[in-house]
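Structure record follows, encoded as C-alpha cells.
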Amino acid sequence: VAREPARPAMHPLNPYRDRRPDYRALSKLYPDELGPHVRDGAIDYTSADAARALTTVLLRNDFGVDWTMPQDRLCPPVPNRLNYICWLNELLALRAPTHEPEPVRGIDIGTGASLIYPVLGVSAMGWAFLATEIDEYSLQSARDIVERNGWQSRVDLRHVACKNASTQPLRAVLRDEDGNFDFVMTNPPFFASIDEISPNPHTACAASVAELVTPGGEVAFVSALIRDSLALGSRVRWCVCSTRPGANLR
Ligand code: SAH
C-alpha cells in the first residue's frame, strides 16, 4: 500500500486518511472491473466509468459489499463518504444509545442510486437505516443493492412524494410507528438552479438535476431540516447535514 502524507480533512479513524488505495494492486485483483481504467498505477478521475469501477472495487475489497449503480447518477467517492460516517460515529459515541441492545438507527435523506451512506454505515459500523429518496429510478437502484446484500432487515427504503419533500424532508416520510432515531444525515442537493453550477474539470460528474438542485438551494433545505428536527424533538438525537464548502455558512 502506497503511503502518502496524511490528509488533515480526513477523520483520524478513516483508513484512507494516510493510505491511498493501491490502484495497481487492485487492478490485478479485479482485472475485469478496474483493469481498463488503470494506467501506470493511476486512475483517470475525469472518467465517470473509472470512478464507478473504483467505487465498486473499493466497496468489494475493503467492505465486502456487492455494489453496482447506473451510469447516469452521481457516483460517490468512498473515502469522502466514509469520512462523514466516521465523524458521525464520533458524535454518537458522546452519549450511550437510549435503546440498547438494538443497533444504532439512522435516517439518510436522499440516499441516491448508490445508497452510499447505508452501504458504509451497515458494513463498517453495523448500523440500521431508514433511507429516503424522491427519485424512483435511484430508489430502484438502491433497492437492488439492498437485495444483493441481503440487507432487507437493515435498510428500510422509502419513497418521498415531491409535494412536501423539500419543505418537510423529515416529516414528509416519518410515521408514528417508526419510533426514535439516533441520527439523521443528509448530503442534499446544494443548488437552487442549474445556472449556479460550475462543473469541476478534475472530477467526473454524471449527476442528474434532482441530485444537484432543490427549491431554494441548500439554505432552504437545511432550514427545512432544522424546522423538522425541532418539531420532532427527542425522536431524533443528532441531525447532521453536509453543505457546499464556503458557500452559505458563516
Ligand atoms: N446520498 C448520496 C446522493 C446525494 S445527491 C451521496 O451522498 O452520494 C442528493 C439526493 O437527494 C438525490 O438522489 C436526490 O434525488 C435526493 N433528494 C433531493 N431532495 C430530496 C428530499 N427532499 N427527500 C429525499 N431525497 C431527496
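Ordering of the C-alpha cells sets the chain letters (A, B, ...); residue numbers start at 1 within each chain; ligands are numbered from 1 in the order shown.
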Inset, instruction - Show me which residues sit within 6 Å of ligand 1 when counting only C-alpha atoms and all ligand atoms, and put them as an MDAnalysis selection string. - result: chainID A and resid 76 109:112 132:135 160 165:166 169 187:189 210:211
Using only C-alpha atoms, please write the residues we just selected to a file, as a PDB file, in the first residue's frame.
```pdb
ATOM      1  CA  PRO A  76     -19.737   8.728  -4.701  1.00  0.00           C
ATOM      2  CA  ILE A 109     -32.329  11.687   3.453  1.00  0.00           C
ATOM      3  CA  GLY A 110     -31.682  11.447  -0.299  1.00  0.00           C
ATOM      4  CA  THR A 111     -29.749   8.196  -0.304  1.00  0.00           C
ATOM      5  CA  GLY A 112     -29.242   8.271  -4.072  1.00  0.00           C
ATOM      6  CA  THR A 132     -35.388   8.178   1.715  1.00  0.00           C
ATOM      7  CA  GLU A 133     -35.361   9.287  -1.914  1.00  0.00           C
ATOM      8  CA  ILE A 134     -37.547  11.378  -4.212  1.00  0.00           C
ATOM      9  CA  ASP A 135     -36.234   9.833  -7.430  1.00  0.00           C
ATOM     10  CA  VAL A 160     -40.901  10.623  -0.661  1.00  0.00           C
ATOM     11  CA  ALA A 165     -40.190  16.710   0.208  1.00  0.00           C
ATOM     12  CA  SER A 166     -38.216  19.948   0.186  1.00  0.00           C
ATOM     13  CA  PRO A 169     -37.774  16.492   4.290  1.00  0.00           C
ATOM     14  CA  ASN A 187     -25.927  15.177   1.626  1.00  0.00           C
ATOM     15  CA  PRO A 188     -28.610  17.289  -0.036  1.00  0.00           C
ATOM     16  CA  PRO A 189     -28.730  18.964  -3.428  1.00  0.00           C
ATOM     17  CA  ALA A 210     -32.503  16.185  -8.855  1.00  0.00           C
ATOM     18  CA  GLU A 211     -29.128  15.314  -7.326  1.00  0.00           C
TER      19      GLU A 211
END
```
Inset, instruction - Report the residues of stretch 5-232 of chain A whose backbone DSSP state falls under helix (DSSP H, G or I), written as a PyMOL selection string. - result: chain A and resi 23-29+31-37+48-63+78-92+116-125+136-148+162-165+176-178+194-196+209-212+217-232
Legend entry - Selected residue, from A:Pro79, A:Gly150, A:Gly233, A:Pro103, that lies nearest to A:Trp127 when counting only C-alpha atoms: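 Checking each candidate against A:Trp127, we get A:Pro103 as the closest.
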Inset, instruction - Between atom CA of A:Leu82 and atom CA of A:Thr186, measure the distance and give it in Å to one decimal. - result: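 Interatomic distance here is 13.3 Å.
Of the residues listed (A:Arg17, A:Ala206, A:Arg105, A:Ala142), A:Ala206 shows the shortest atom-to-atom separation from A:Ala48; distances use only C-alpha atoms.
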Legend entry - 12 Å contact set for A:Tyr30, only C-alpha atoms, chain neighbours under 3 positions out, as a ChimeraX atom specification: /A:23-27,33-38,53-54,56-58,60-61
Inset, instruction - Go through A:Phe63, A:Tyr45, A:Trp151, A:Trp87 one by one, measure the shortest atom-to-atom distance of each to A:Asn14 using only C-alpha atoms, and give the residue with the smallest value. - result: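 Going through A:Phe63, A:Tyr45, A:Trp151, A:Trp87 one by one, the smallest distance to A:Asn14 is for A:Trp87.
The protein and nucleic acid residues lying at most 9 Å from A:Arg148 are A:Val65, A:Asp66, A:Trp67, A:Arg143, A:Asp144, A:Ile145, A:Val146, A:Gly150, A:Trp151, with only C-alpha atoms considered and sequence neighbours fewer than 2 positions away removed.
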How would the residues just picked look written out with N, CA and C atoms as a compact mmCIF listing (two decimals), in the first residue's frame?
```txt
# COMPACT_ATOMS: atom_id res chain seq x y z
N VAL A 65 -18.82 -5.58 0.15
CA VAL A 65 -20.17 -5.25 -0.33
C VAL A 65 -20.28 -5.51 -1.83
N ASP A 66 -21.41 -6.12 -2.21
CA ASP A 66 -21.72 -6.34 -3.62
C ASP A 66 -22.51 -5.11 -4.09
N TRP A 67 -21.88 -4.28 -4.92
CA TRP A 67 -22.44 -2.96 -5.21
C TRP A 67 -22.42 -2.66 -6.71
N ARG A 143 -32.66 -0.23 -4.04
CA ARG A 143 -33.34 -1.48 -3.67
C ARG A 143 -32.55 -2.69 -4.14
N ASP A 144 -31.98 -2.57 -5.32
CA ASP A 144 -31.17 -3.66 -5.89
C ASP A 144 -29.95 -3.94 -4.99
N ILE A 145 -29.31 -2.88 -4.49
CA ILE A 145 -28.13 -3.06 -3.63
C ILE A 145 -28.53 -3.74 -2.32
N VAL A 146 -29.68 -3.31 -1.76
CA VAL A 146 -30.16 -3.92 -0.52
C VAL A 146 -30.38 -5.42 -0.73
N GLY A 150 -28.62 -8.79 0.95
CA GLY A 150 -29.49 -9.38 1.97
C GLY A 150 -29.72 -8.46 3.16
N TRP A 151 -29.85 -7.16 2.88
CA TRP A 151 -29.99 -6.19 3.97
C TRP A 151 -31.44 -5.76 4.22
```
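Remark: for A:Ala51, the closest of the candidate residues A:Arg73, A:His11, A:Arg95, A:Lys28 is A:Arg73 (distances computed over only C-alpha atoms).
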Inset, instruction - Run DSSP on the backbone and give me the residues of stretch 158-236 of chain A it puts in strand (DSSP E or B), as a PyMOL selection string. - result: chain A and resi 158-159+181-186+191+213+236
